[in-house]
>>> print(open('structure.cif').read())   # mmCIF, C-alpha atoms
data_run
loop_
_atom_site.label_atom_id
_atom_site.label_comp_id
_atom_site.auth_asym_id
_atom_site.auth_seq_id
_atom_site.Cartn_x
_atom_site.Cartn_y
_atom_site.Cartn_z
CA MET D 23 27.76 -22.93 -15.59
CA LYS D 24 27.84 -26.19 -17.50
CA ALA D 25 26.10 -27.93 -14.65
CA CYS D 26 23.36 -25.32 -14.67
CA PHE D 27 23.05 -25.20 -18.45
CA PRO D 28 24.12 -28.60 -19.81
CA VAL D 29 22.67 -27.63 -23.23
CA LEU D 30 25.61 -25.33 -24.08
CA GLY D 31 27.18 -27.89 -26.37
CA ALA D 32 24.00 -28.13 -28.48
CA PRO D 33 23.41 -26.20 -31.76
CA LEU D 34 22.88 -22.47 -31.35
CA THR D 35 19.17 -22.40 -32.20
CA THR D 36 18.33 -25.06 -29.61
CA VAL D 37 20.61 -23.43 -27.06
CA LEU D 38 19.02 -20.04 -27.53
CA GLY D 39 15.53 -21.45 -27.39
CA LYS D 40 16.23 -23.13 -24.09
CA LEU D 41 18.14 -20.16 -22.73
CA LEU D 42 15.31 -17.84 -23.67
CA LEU D 43 12.89 -20.08 -21.85
CA GLY D 44 15.19 -20.13 -18.82
CA CYS D 45 15.48 -16.36 -18.87
CA LEU D 46 11.72 -15.91 -19.15
CA VAL D 47 11.11 -18.22 -16.21
CA ALA D 48 13.76 -16.41 -14.15
CA PHE D 49 12.38 -12.98 -14.99
CA SER D 50 8.77 -13.93 -14.40
CA LEU D 51 9.81 -15.22 -10.98
CA LEU D 52 11.64 -11.95 -10.40
CA ALA D 53 8.60 -9.97 -11.51
CA ASN D 54 6.24 -11.87 -9.23
CA GLY D 55 8.66 -11.63 -6.34
CA ALA D 56 8.99 -7.88 -6.78
CA ALA D 57 5.22 -7.44 -6.85
CA ALA D 58 4.69 -9.64 -3.80
CA SER D 59 7.22 -7.89 -1.61
CA PRO D 60 7.44 -4.16 -2.23
CA PRO D 61 10.41 -2.29 -0.69
CA GLN D 62 9.97 -1.34 2.96
CA THR D 63 10.98 2.28 3.26
CA LEU D 64 10.30 5.39 5.27
CA ALA D 65 10.27 8.56 3.17
CA ARG D 66 12.19 11.64 4.35
CA VAL D 67 9.95 14.58 5.18
CA ALA D 68 11.16 17.77 3.51
CA GLY D 69 12.22 20.48 5.95
CA THR D 70 11.81 18.19 9.01
CA PRO D 71 8.89 20.20 10.47
CA LEU D 72 8.29 20.37 14.23
CA ALA D 73 5.82 17.68 15.30
CA LYS D 74 2.66 19.20 16.74
CA ASP D 75 2.44 18.34 20.42
CA PHE D 76 -0.52 16.34 21.66
CA SER D 77 -1.87 15.08 24.92
CA LEU D 78 -4.00 11.93 24.77
CA LYS D 79 -5.30 9.30 27.15
CA GLY D 80 -3.85 5.82 26.78
CA MET D 81 -5.62 2.47 27.06
CA ASN D 82 -4.18 2.25 30.60
CA GLY D 83 -5.89 5.52 31.60
CA LYS D 84 -2.56 7.37 31.73
CA LEU D 85 -2.17 10.73 29.95
CA TYR D 86 0.59 10.80 27.31
CA ARG D 87 2.13 13.99 25.95
CA LEU D 88 4.44 13.82 22.93
CA SER D 89 6.73 16.53 24.35
CA ASP D 90 7.43 14.28 27.37
CA PHE D 91 9.38 12.03 24.97
CA LYS D 92 11.82 14.72 23.86
CA GLY D 93 15.32 13.23 23.76
CA LYS D 94 14.01 9.97 22.29
CA VAL D 95 13.22 8.98 18.74
CA VAL D 96 9.44 8.46 18.67
CA LEU D 97 7.50 6.42 16.12
CA VAL D 98 3.92 7.70 15.94
CA ASN D 99 1.54 5.28 14.22
CA PHE D 100 -2.08 6.13 13.36
CA TRP D 101 -4.39 3.14 13.01
CA ALA D 102 -7.84 1.59 13.50
CA THR D 103 -8.95 -2.00 14.05
CA TRP D 104 -11.15 -2.00 10.90
CA CYS D 105 -8.23 -1.02 8.65
CA PRO D 106 -6.69 -4.21 7.09
CA PRO D 107 -3.11 -2.92 6.56
CA CYS D 108 -3.14 -1.47 10.11
CA ARG D 109 -4.06 -4.87 11.50
CA GLU D 110 -1.34 -6.51 9.47
CA GLU D 111 1.49 -4.20 10.48
CA LEU D 112 0.85 -4.02 14.25
CA PRO D 113 2.68 -7.27 15.17
CA SER D 114 5.75 -6.07 13.23
CA LEU D 115 5.65 -2.82 15.22
CA GLU D 116 5.75 -4.88 18.41
CA ARG D 117 8.74 -6.85 17.09
CA LEU D 118 10.52 -3.54 16.36
CA TRP D 119 9.66 -2.31 19.86
CA GLN D 120 11.17 -5.44 21.39
CA LEU D 121 14.31 -5.01 19.32
CA LEU D 122 15.26 -1.43 20.23
CA ASN D 123 16.44 0.25 23.42
CA HIS D 124 13.47 1.87 25.18
CA LYS D 125 15.74 4.56 26.70
CA GLN D 126 16.32 5.96 23.22
CA PHE D 127 13.19 4.95 21.34
CA ALA D 128 9.42 5.00 21.89
CA ILE D 129 6.35 3.92 19.97
CA LEU D 130 2.99 5.62 20.37
CA ALA D 131 0.13 3.99 18.46
CA LEU D 132 -2.80 6.39 18.10
CA ASN D 133 -6.12 4.69 17.45
CA LEU D 134 -8.65 6.73 15.52
CA GLY D 135 -12.20 7.01 16.77
CA GLN D 136 -12.58 3.73 18.66
CA GLY D 137 -13.17 2.89 22.29
CA PRO D 138 -10.97 0.80 24.64
CA ASP D 139 -13.29 -2.23 24.40
CA ALA D 140 -13.01 -2.59 20.61
CA ILE D 141 -9.24 -2.04 20.76
CA PHE D 142 -8.73 -4.49 23.60
CA GLU D 143 -10.79 -7.16 21.83
CA PHE D 144 -8.62 -6.79 18.73
CA THR D 145 -5.15 -6.49 20.31
CA GLY D 146 -5.86 -9.55 22.47
CA MET D 147 -5.89 -11.63 19.27
CA LEU D 148 -2.50 -10.41 18.04
CA ASN D 149 0.69 -12.40 18.28
CA PRO D 150 2.77 -10.72 19.53
CA ALA D 151 0.26 -8.42 21.23
CA PRO D 152 1.36 -4.78 21.47
CA THR D 153 3.08 -3.78 24.69
CA PHE D 154 3.81 -0.20 23.59
CA PRO D 155 1.32 2.54 24.57
CA ILE D 156 -1.92 2.74 22.57
CA LEU D 157 -3.51 6.20 22.76
CA LEU D 158 -7.08 7.22 21.97
CA ASP D 159 -7.43 9.89 19.28
CA ARG D 160 -11.23 9.66 19.59
CA ASP D 161 -12.17 12.59 17.34
CA SER D 162 -9.10 12.12 15.04
CA ALA D 163 -8.09 15.72 15.84
CA VAL D 164 -4.40 14.78 16.25
CA PHE D 165 -4.35 12.89 12.94
CA LYS D 166 -5.91 15.87 11.15
CA SER D 167 -3.47 18.30 12.80
CA TRP D 168 -0.60 16.09 11.55
CA SER D 169 -2.09 16.34 8.02
CA GLY D 170 -2.94 12.64 7.98
CA MET D 171 -4.86 11.52 4.89
CA ALA D 172 -5.09 7.74 5.06
CA LEU D 173 -4.69 4.86 7.50
CA PRO D 174 -2.24 3.60 8.44
CA THR D 175 0.21 6.50 8.45
CA THR D 176 3.40 6.47 10.49
CA PHE D 177 5.71 9.33 11.40
CA VAL D 178 9.16 9.12 12.96
CA VAL D 179 10.10 12.07 15.18
CA ASN D 180 13.74 12.76 16.06
CA ARG D 181 15.18 13.60 19.49
CA GLU D 182 14.50 17.31 18.91
CA GLY D 183 10.83 16.68 18.20
CA ARG D 184 11.04 17.11 14.42
CA ILE D 185 9.35 14.82 11.90
CA VAL D 186 12.07 13.11 9.88
CA TYR D 187 10.23 10.23 8.20
CA ARG D 188 6.72 9.43 7.03
CA ALA D 189 5.20 6.21 5.71
CA VAL D 190 1.73 6.10 4.17
CA GLY D 191 0.29 2.59 3.97
CA GLY D 192 1.28 -0.52 5.87
CA ARG D 193 4.88 -1.55 6.42
CA ARG D 194 6.79 -4.49 7.85
CA PHE D 195 8.49 -2.60 10.65
CA ASP D 196 10.87 -5.45 11.41
CA ASP D 197 12.28 -5.29 7.89
CA PRO D 198 16.12 -4.96 8.11
CA HIS D 199 16.21 -1.86 5.88
CA LEU D 200 13.56 -0.10 7.92
CA ILE D 201 15.22 -1.05 11.24
CA GLN D 202 18.47 0.35 9.87
CA GLN D 203 16.79 3.69 9.04
CA ILE D 204 15.49 4.02 12.62
CA LYS D 205 18.74 2.84 14.22
CA ALA D 206 20.66 5.44 12.19
CA LEU D 207 18.27 8.14 13.36
CA ILE D 208 18.72 7.04 16.98
CA LYS D 209 22.52 7.07 16.55
CA THR D 210 23.05 10.24 14.54
CA GLY D 211 19.88 12.19 15.29
CA ARG D 212 19.42 12.84 11.57
CA MET Z 5 48.51 -35.91 -22.17
CA ASN Z 6 47.24 -36.16 -25.72
CA PRO Z 7 47.80 -32.72 -27.38
CA MET Z 8 44.77 -33.28 -29.64
CA ALA Z 9 42.57 -33.85 -26.62
CA LEU Z 10 43.85 -30.59 -25.09
CA HIS Z 11 43.06 -28.76 -28.33
CA ALA Z 12 39.56 -30.23 -28.39
CA ASP Z 13 39.06 -29.15 -24.76
CA ASN Z 14 40.14 -25.62 -25.62
CA ARG Z 15 37.70 -25.52 -28.53
CA ASN Z 16 34.89 -26.68 -26.29
CA GLY Z 17 35.94 -24.04 -23.76
CA ASP Z 18 35.87 -21.26 -26.40
CA SER Z 19 32.48 -22.45 -27.59
CA GLY Z 20 31.28 -22.50 -23.94
CA ILE Z 21 32.54 -18.94 -23.32
CA SER Z 22 30.91 -17.75 -26.53
CA ALA Z 23 27.61 -19.37 -25.57
CA ARG Z 24 27.86 -17.82 -22.11
CA ILE Z 25 28.38 -14.38 -23.62
CA ARG Z 26 25.39 -14.92 -25.91
CA PHE Z 27 23.38 -16.08 -22.92
CA LEU Z 28 24.28 -12.93 -20.97
CA LEU Z 29 23.47 -10.74 -23.97
CA TRP Z 30 20.07 -12.37 -24.36
CA CYS Z 31 19.42 -11.95 -20.67
CA ALA Z 32 20.38 -8.26 -20.92
CA VAL Z 33 17.99 -7.81 -23.85
CA LEU Z 34 15.19 -9.60 -22.03
CA LEU Z 35 15.85 -7.63 -18.84
CA THR Z 36 15.64 -4.37 -20.79
CA VAL Z 37 12.35 -5.45 -22.37
CA PHE Z 38 11.06 -6.57 -18.97
CA VAL Z 39 11.98 -3.32 -17.21
CA ASN Z 40 10.47 -1.20 -19.96
CA THR Z 41 7.22 -3.10 -20.11
CA THR Z 42 6.73 -3.07 -16.34
CA ALA Z 43 7.54 0.66 -16.14
CA TYR Z 44 4.75 1.33 -18.63
CA ALA Z 45 1.23 -0.01 -18.96
CA THR Z 46 0.60 -3.68 -18.37
CA GLY Z 47 -3.11 -3.55 -19.29
CA THR Z 48 -5.88 -4.71 -17.01
CA ARG Z 49 -5.44 -7.95 -15.10
CA HIS Z 50 -8.63 -9.62 -13.93
CA LYS Z 51 -8.75 -12.09 -11.06
CA ILE Z 52 -11.58 -14.00 -9.42
CA ASN Z 53 -11.31 -15.29 -5.89
CA PRO Z 54 -12.25 -18.98 -6.28
CA GLN Z 55 -13.70 -19.18 -2.76
CA THR Z 56 -15.85 -16.04 -2.79
CA GLY Z 57 -16.29 -15.24 -6.48
CA ILE Z 58 -15.20 -11.67 -5.69
CA GLU Z 59 -13.52 -10.04 -8.69
CA THR Z 60 -10.45 -7.79 -8.81
CA TRP Z 61 -9.10 -5.64 -11.62
CA GLN Z 62 -5.56 -4.28 -11.47
CA THR Z 63 -2.99 -2.51 -13.59
CA ARG Z 64 0.57 -1.19 -13.47
CA ASP Z 65 1.39 1.95 -15.40
CA HIS Z 66 4.30 4.44 -15.26
CA GLY Z 67 5.37 3.48 -11.72
CA VAL Z 68 1.92 3.18 -10.17
CA PHE Z 69 -0.22 0.19 -9.27
CA LEU Z 70 -4.01 0.43 -9.08
CA SER Z 71 -6.38 -2.30 -7.97
CA LEU Z 72 -10.16 -2.38 -7.53
CA THR Z 73 -11.85 -5.23 -5.68
CA GLN Z 74 -15.63 -5.65 -5.57
CA LEU Z 75 -17.52 -5.21 -2.32
CA THR Z 76 -20.92 -6.84 -2.32
CA PRO Z 77 -23.87 -4.78 -1.04
CA GLY Z 78 -23.94 -7.05 2.00
CA GLN Z 79 -20.27 -6.40 2.79
CA ALA Z 80 -20.62 -2.64 2.34
CA GLU Z 81 -23.73 -2.50 4.51
CA ALA Z 82 -22.21 -4.69 7.24
CA PHE Z 83 -19.09 -2.52 7.38
CA LEU Z 84 -21.13 0.64 7.98
CA LEU Z 85 -23.49 -1.02 10.48
CA ALA Z 86 -20.45 -2.17 12.47
CA ARG Z 87 -19.17 1.42 12.51
CA GLY Z 88 -22.43 2.66 14.09
CA PHE Z 89 -24.48 3.69 11.05
CA ASP Z 90 -28.25 3.30 11.12
CA ARG Z 91 -29.64 0.69 8.72
CA LYS Z 92 -31.19 3.15 6.25
CA SER Z 93 -27.93 5.06 5.82
CA ALA Z 94 -25.95 1.83 5.49
CA GLU Z 95 -28.41 0.63 2.83
CA ALA Z 96 -28.10 3.92 0.95
CA TYR Z 97 -24.32 3.47 0.81
CA ALA Z 98 -24.56 -0.20 -0.19
CA ALA Z 99 -26.92 0.72 -3.05
CA ALA Z 100 -24.00 2.43 -4.76
CA CYS Z 101 -21.34 0.37 -6.44
CA VAL Z 102 -18.53 -0.04 -3.89
CA PHE Z 103 -14.94 -1.14 -4.56
CA GLY Z 104 -11.95 -1.52 -2.29
CA ALA Z 105 -9.15 0.41 -3.98
CA ILE Z 106 -5.38 0.09 -3.58
CA PHE Z 107 -3.05 2.66 -5.11
CA ARG Z 108 0.71 2.26 -4.75
CA ASN Z 109 3.69 4.33 -5.81
CA GLU Z 110 6.08 1.70 -7.19
CA SER Z 111 8.60 4.15 -8.63
CA VAL Z 112 12.10 4.17 -7.19
CA SER Z 113 12.56 7.88 -6.65
CA SER Z 114 9.60 10.02 -7.75
CA PRO Z 115 6.67 11.18 -5.63
CA VAL Z 116 3.27 10.56 -7.22
CA SER Z 117 0.04 12.49 -6.66
CA TYR Z 118 -3.56 12.04 -7.73
CA ASN Z 119 -6.95 13.65 -7.28
CA LEU Z 120 -10.02 11.39 -7.44
CA ALA Z 121 -12.03 14.36 -8.72
CA ASP Z 122 -10.09 13.97 -12.00
CA TRP Z 123 -10.96 10.28 -12.42
CA ARG Z 124 -13.88 9.27 -14.63
CA ILE Z 125 -16.31 6.36 -14.87
CA VAL Z 126 -16.65 5.51 -18.55
CA THR Z 127 -19.68 3.61 -19.89
CA PRO Z 128 -20.74 3.32 -23.55
CA HIS Z 129 -23.20 6.20 -23.05
CA SER Z 130 -21.55 8.51 -20.54
CA GLU Z 131 -18.51 9.68 -18.68
CA ARG Z 132 -19.05 10.74 -15.08
CA LYS Z 133 -17.30 11.49 -11.80
CA LEU Z 134 -16.90 9.20 -8.82
CA LYS Z 135 -18.94 9.88 -5.70
CA LEU Z 136 -16.38 11.32 -3.29
CA LYS Z 137 -16.31 11.07 0.47
CA SER Z 138 -17.15 14.78 0.81
CA ASP Z 139 -20.43 14.05 -1.09
CA TRP Z 140 -21.24 11.27 1.36
CA ALA Z 141 -20.20 13.39 4.37
CA ARG Z 142 -22.85 15.99 3.53
CA GLN Z 143 -25.44 13.23 3.23
CA TRP Z 144 -24.48 11.67 6.59
CA LYS Z 145 -24.65 15.00 8.37
CA ALA Z 146 -28.12 15.68 6.94
CA ARG Z 147 -29.26 12.21 8.05
CA GLY Z 148 -27.96 12.78 11.58
CA VAL Z 149 -25.36 9.97 11.51
CA SER Z 150 -23.36 10.00 14.77
CA GLU Z 151 -19.98 11.71 14.85
CA SER Z 152 -18.06 8.54 15.73
CA ALA Z 153 -19.62 6.75 12.74
CA ARG Z 154 -18.76 9.67 10.45
CA ILE Z 155 -15.14 9.65 11.70
CA ALA Z 156 -14.80 5.94 10.90
CA PHE Z 157 -16.39 6.52 7.49
CA ARG Z 158 -14.02 9.38 6.71
CA TRP Z 159 -10.89 7.32 7.28
CA SER Z 160 -12.18 4.14 5.69
CA GLN Z 161 -12.77 5.83 2.33
CA PHE Z 162 -10.00 6.15 -0.22
CA PRO Z 163 -8.42 9.62 0.21
CA THR Z 164 -9.65 12.13 -2.38
CA LYS Z 165 -6.19 13.63 -2.85
CA GLN Z 166 -2.86 12.08 -1.96
CA ARG Z 167 0.84 12.56 -2.50
CA PHE Z 168 2.85 9.36 -2.19
CA ALA Z 169 6.57 9.05 -1.68
CA PRO Z 170 8.18 5.96 -3.26
CA GLY Z 171 6.95 2.89 -1.39
CA ASP Z 172 3.81 4.65 -0.08
CA TRP Z 173 0.39 3.20 -0.74
CA SER Z 174 -3.23 3.47 0.32
CA GLN Z 175 -6.20 1.19 0.65
CA GLY Z 176 -9.79 2.41 1.00
CA MET Z 177 -13.33 2.24 -0.30
CA THR Z 178 -14.45 4.05 -3.46
CA THR Z 179 -18.00 4.49 -4.76
CA TYR Z 180 -19.42 4.64 -8.27
CA VAL Z 181 -23.04 5.53 -8.82
CA LEU Z 182 -23.97 2.79 -11.27
CA PRO Z 183 -26.50 -0.02 -11.28
CA ARG Z 184 -25.42 -3.20 -9.47
CA GLY Z 185 -23.98 -5.69 -11.96
CA GLY Z 186 -23.19 -2.88 -14.42
CA ARG Z 187 -19.88 -2.68 -16.30
CA PHE Z 188 -17.59 0.30 -16.76
CA ASN Z 189 -14.04 1.40 -17.46
CA LEU Z 190 -12.15 3.66 -15.09
CA LYS Z 191 -10.07 6.46 -16.55
CA PHE Z 192 -7.58 7.43 -13.84
CA LYS Z 193 -4.94 10.15 -13.71
CA TRP Z 194 -1.82 10.73 -11.67
CA THR Z 195 1.06 13.18 -11.74
CA VAL Z 196 4.78 12.43 -11.60
CA LYS Z 197 7.37 15.24 -11.78
CA GLY Z 198 4.74 17.69 -13.06
CA VAL Z 199 3.62 15.38 -15.87
CA THR Z 200 0.05 14.07 -15.72
CA HIS Z 201 -0.47 10.51 -16.93
CA GLU Z 202 -3.73 8.80 -17.78
CA GLY Z 203 -4.47 5.09 -17.45
CA LEU Z 204 -7.44 2.84 -18.03
CA LEU Z 205 -8.77 -0.01 -15.93
CA SER Z 206 -11.18 -1.78 -18.23
CA GLY Z 207 -14.12 -4.19 -17.98
CA ILE Z 208 -14.85 -3.54 -14.29
CA ARG Z 209 -18.15 -4.93 -13.02
CA CYS Z 210 -20.13 -3.81 -9.97
CA ALA Z 211 -20.94 -6.69 -7.65
CA ALA Z 212 -24.55 -7.73 -8.10
CA ASN Z 213 -27.04 -7.73 -5.23
CA ASN Z 214 -26.67 -11.42 -4.49
CA GLY Z 215 -22.89 -11.67 -4.90
CA SER Z 216 -20.29 -10.71 -7.43
CA ARG Z 217 -22.15 -11.74 -10.59
#
>>> encode(input="structure.cif", output="structure tokens")
Amino acid sequence: MKACFPVLGAPLTTVLGKLLLGCLVAFSLLANGAAASPPQTLARVAGTPLAKDFSLKGMNGKLYRLSDFKGKVVLVNFWATWCPPCREELPSLERLWQLLNHKQFAILALNLGQGPDAIFEFTGMLNPAPTFPILLDRDSAVFKSWSGMALPTTFVVNREGRIVYRAVGGRRFDDPHLIQQIKALIKTGR
Amino acid sequence: MNPMALHADNRNGDSGISARIRFLLWCAVLLTVFVNTTAYATGTRHKINPQTGIETWQTRDHGVFLSLTQLTPGQAEAFLLARGFDRKSAEAYAAACVFGAIFRNESVSSPVSYNLADWRIVTPHSERKLKLKSDWARQWKARGVSESARIAFRWSQFPTKQRFAPGDWSQGMTTYVLPRGGRFNLKFKWTVKGVTHEGLLSGIRCAANNGSR
């Protein structure tokens, strides 16, 4: 304490003045830090509704159906290449994908309204580039049926096909708190 | 050991403990003031990007954060052209005053909702509504803008209504029918736990035709 605040032996007025200054600096740093890095959370969805099934073509030409993933926790991310927070969060989704067991967990990234060429051009620039399936929601019908309002929006579906979590706006998906939420869902199913 | 020296040490120690307690008390007071002021309005903060001259206005109020960043006519037009709009339609959009908006729920536990239809553009002579994406959608359909372009437009605009859980946020374009370079205040509303709050983002300026000023 004395090493940090060598002024403690000084008269009270001087001490307080310096301490106040110290406190202000500390709190302004705290305030800026809090603003720069908002908490990374997934919000619980009330009533855990059944996720509406969909069947969409992937970038690889393969047809993907959500119900084929029953038994796994599935993260469904809606995005577009022209959406800045979508662009920012995609590499962190890939890091999450590399971290978790693919027998228990899947990621499906549904692009809204764009063609394979535009998507390929963009994903080729990412580091790490996504290796999880990217599906084409060309007319955004799936996003609308999932009551999506803004991009990016992410849903996490449990092993029974129910929506447990939702996140509106970009996230850092490799954030420890967020990883913990998904790991717990994989482990407990809830 | 000199007993007087020990006594002096003890006195210094007591004084140190007392100062530490005072320090902690002051910190507690400051922390309380800090938490209260950030939970309520912080007024409008204005920033200018030194490289581009683009201006941003932002505020924090009752657990929400709102930011508006200018889009120049050129940026707005280029965005729409790249989404497949014809030039005339893109120009029509760029003629309005366009801002990139960010709205964030910064509260710890309460969901927040808003409706852009309740927000108002305030100038010295009038108070009017924002131009919403449904207004534009009708215009695009009448102009025969392609479906893929309209889909991109729909999702690039700031959602008209939203409900945010803590930590949720949105970014999108908003439009204000005002002359380029004109100034206005934005009266915005949001609801937390059934209570509607009203905030003000003041001194906002539409980007002028040849840049931000």
>>> closest_residue(input="structure.cif", among="Z:Ser93, Z:Asn213, Z:Thr195, Z:Ser150", to="chain D", atoms="all atoms listed in the file")
Z:Ser150
>>> residues_near_point(input="structure.cif", point="(-17.8, -9.3, -7.6)", cutoff="12 Å", atoms="only C-alpha atoms", output="PyMOL selection string")
chain Z and resi 50-61+72-79+101-104+184-187+208-217
>>> resolve_selection(input="structure.cif", expression="the PyMOL selection byres ((chain D and resi 159) around 10)", output="list of chain:residue names")
D:Phe76, D:Ser77, D:Leu78, D:Lys79, D:Gly80, D:Phe100, D:Trp101, D:Ala131, D:Leu132, D:Asn133, D:Leu134, D:Gly135, D:Gln136, D:Gly137, D:Ile156, D:Leu157, D:Leu158, D:Arg160, D:Asp161, D:Ser162, D:Ala163, D:Val164, D:Phe165
>>> residues_around(input="structure.cif", residues="region 118-131 of chain Z", least_positions_apart="5", cutoff="6 Å", atoms="only C-alpha atoms", output="PyMOL selection string")
chain Z and resi 164-166+188-192+194
>>> atom_distance(input="structure.cif", atom1="CA of Ser174 (chain Z)", atom2="CA of Ser114 (chain D)")
18.4 Å
>>> resolve_selection(input="structure.cif", expression="the PyMOL selection byres ((chain D and resi 75) around 9)", output="list in words")
Leu72, Ala73, Lys74, Phe76, Ser77, Arg87, Leu88, Ser89, Val164 and Gly183 of chain D
>>> closest_residue(input="structure.cif", among="D:Arg188, D:Lys84, D:His199, D:Arg212", to="chain Z", atoms="only C-alpha atoms")
D:Arg188
>>> closest_residue(input="structure.cif", among="Z:Lys197, Z:Arg49, Z:Arg87, Z:Lys133", to="chain D", atoms="all atoms listed in the file")
Z:Arg87
>>> resolve_selection(input="structure.cif", expression="the PyMOL selection byres ((chain D and resi 63-71) around 10)", output="JSON, numbers by chain")
{"D": [60, 61, 62, 72, 73, 74, 176, 177, 178, 179, 180, 183, 184, 185, 186, 187, 188, 189, 190, 193, 194, 195, 197, 199, 200, 201, 203, 204, 212], "Z": [115, 168, 169, 170, 171, 172]}
>>> atom_distance(input="structure.cif", atom1="CA of Leu84 (chain Z)", atom2="CA of Ile155 (chain Z)")
11.4 Å
>>> atom_distance(input="structure.cif", atom1="CA of His124 (chain D)", atom2="CA of Met171 (chain D)")
29.0 Å
>>> residues_around(input="structure.cif", residues="Phe107 (chain Z)", least_positions_apart="2", cutoff="6 Å", atoms="only C-alpha atoms", output="number ranges by chain")
Z: 69-70, 173-174
>>> residues_around(input="structure.cif", residues="Gly88 (chain Z)", least_positions_apart="5", cutoff="9 Å", atoms="all atoms listed in the file", output="MDAnalysis selection string")
chainID Z and resid 149:150 152:154 156
>>> residues_around(input="structure.cif", residues="Phe162 (chain Z)", least_positions_apart="4", cutoff="6 Å", atoms="all atoms listed in the file", output="list in words")
Gly176, Met177 and Thr178 of chain Z
>>> axis_aligned_box(input="structure.cif", around="region 187-202 of chain D", padding_each_side="8 Å", output="AutoDock Vina command-line options")
--center_x 9.4 --center_y 2.4 --center_z 7.7 --size_x 34.2 --size_y 31.7 --size_z 23.4
>>> closest_residue(input="structure.cif", among="D:Leu121, D:Leu112, D:Leu85, D:Cys105", to="chain Z", atoms="all atoms listed in the file")
D:Cys105
>>> decode(input="structure.cif", residues="region 155-169 of chain Z", atoms="N, CA and C atoms", output="CSV table (one decimal), in the first residue's frame")
chain,number,residue,atom,x,y,z
Z,155,ILE,N,-34.0,-7.2,-50.6
Z,155,ILE,CA,-33.7,-8.1,-49.5
Z,155,ILE,C,-32.5,-7.5,-48.7
Z,156,ALA,N,-31.5,-7.1,-49.5
Z,156,ALA,CA,-30.2,-6.6,-48.9
Z,156,ALA,C,-30.6,-5.2,-48.2
Z,157,PHE,N,-31.4,-4.4,-48.8
Z,157,PHE,CA,-31.8,-3.1,-48.2
Z,157,PHE,C,-32.5,-3.4,-46.9
Z,158,ARG,N,-33.5,-4.3,-46.9
Z,158,ARG,CA,-34.3,-4.6,-45.7
Z,158,ARG,C,-33.4,-4.9,-44.5
Z,159,TRP,N,-32.4,-5.7,-44.7
Z,159,TRP,CA,-31.6,-6.1,-43.6
Z,159,TRP,C,-30.4,-5.2,-43.2
Z,160,SER,N,-30.2,-4.3,-44.2
Z,160,SER,CA,-29.1,-3.3,-43.9
Z,160,SER,C,-29.6,-2.1,-43.1
Z,161,GLN,N,-30.9,-1.9,-43.1
Z,161,GLN,CA,-31.5,-0.8,-42.4
Z,161,GLN,C,-31.7,-1.1,-40.9
Z,162,PHE,N,-31.7,-0.1,-40.1
Z,162,PHE,CA,-31.8,-0.3,-38.6
Z,162,PHE,C,-33.3,-0.8,-38.4
Z,163,PRO,N,-33.5,-1.9,-37.6
Z,163,PRO,CA,-34.8,-2.4,-37.4
Z,163,PRO,C,-35.8,-1.4,-36.9
Z,164,THR,N,-37.0,-1.4,-37.4
Z,164,THR,CA,-38.0,-0.4,-36.9
Z,164,THR,C,-38.3,-0.6,-35.4
Z,165,LYS,N,-38.5,-1.9,-35.1
Z,165,LYS,CA,-38.8,-2.3,-33.7
Z,165,LYS,C,-37.9,-3.3,-33.3
Z,166,GLN,N,-37.5,-3.3,-32.0
Z,166,GLN,CA,-36.6,-4.3,-31.5
Z,166,GLN,C,-36.8,-4.5,-30.0
Z,167,ARG,N,-36.5,-5.7,-29.6
Z,167,ARG,CA,-36.4,-6.0,-28.2
Z,167,ARG,C,-35.0,-6.6,-27.9
Z,168,PHE,N,-34.3,-6.0,-27.1
Z,168,PHE,CA,-32.9,-6.4,-26.8
Z,168,PHE,C,-32.8,-7.0,-25.4
Z,169,ALA,N,-32.2,-8.2,-25.3
Z,169,ALA,CA,-31.8,-8.7,-24.0
Z,169,ALA,C,-30.5,-8.0,-23.6
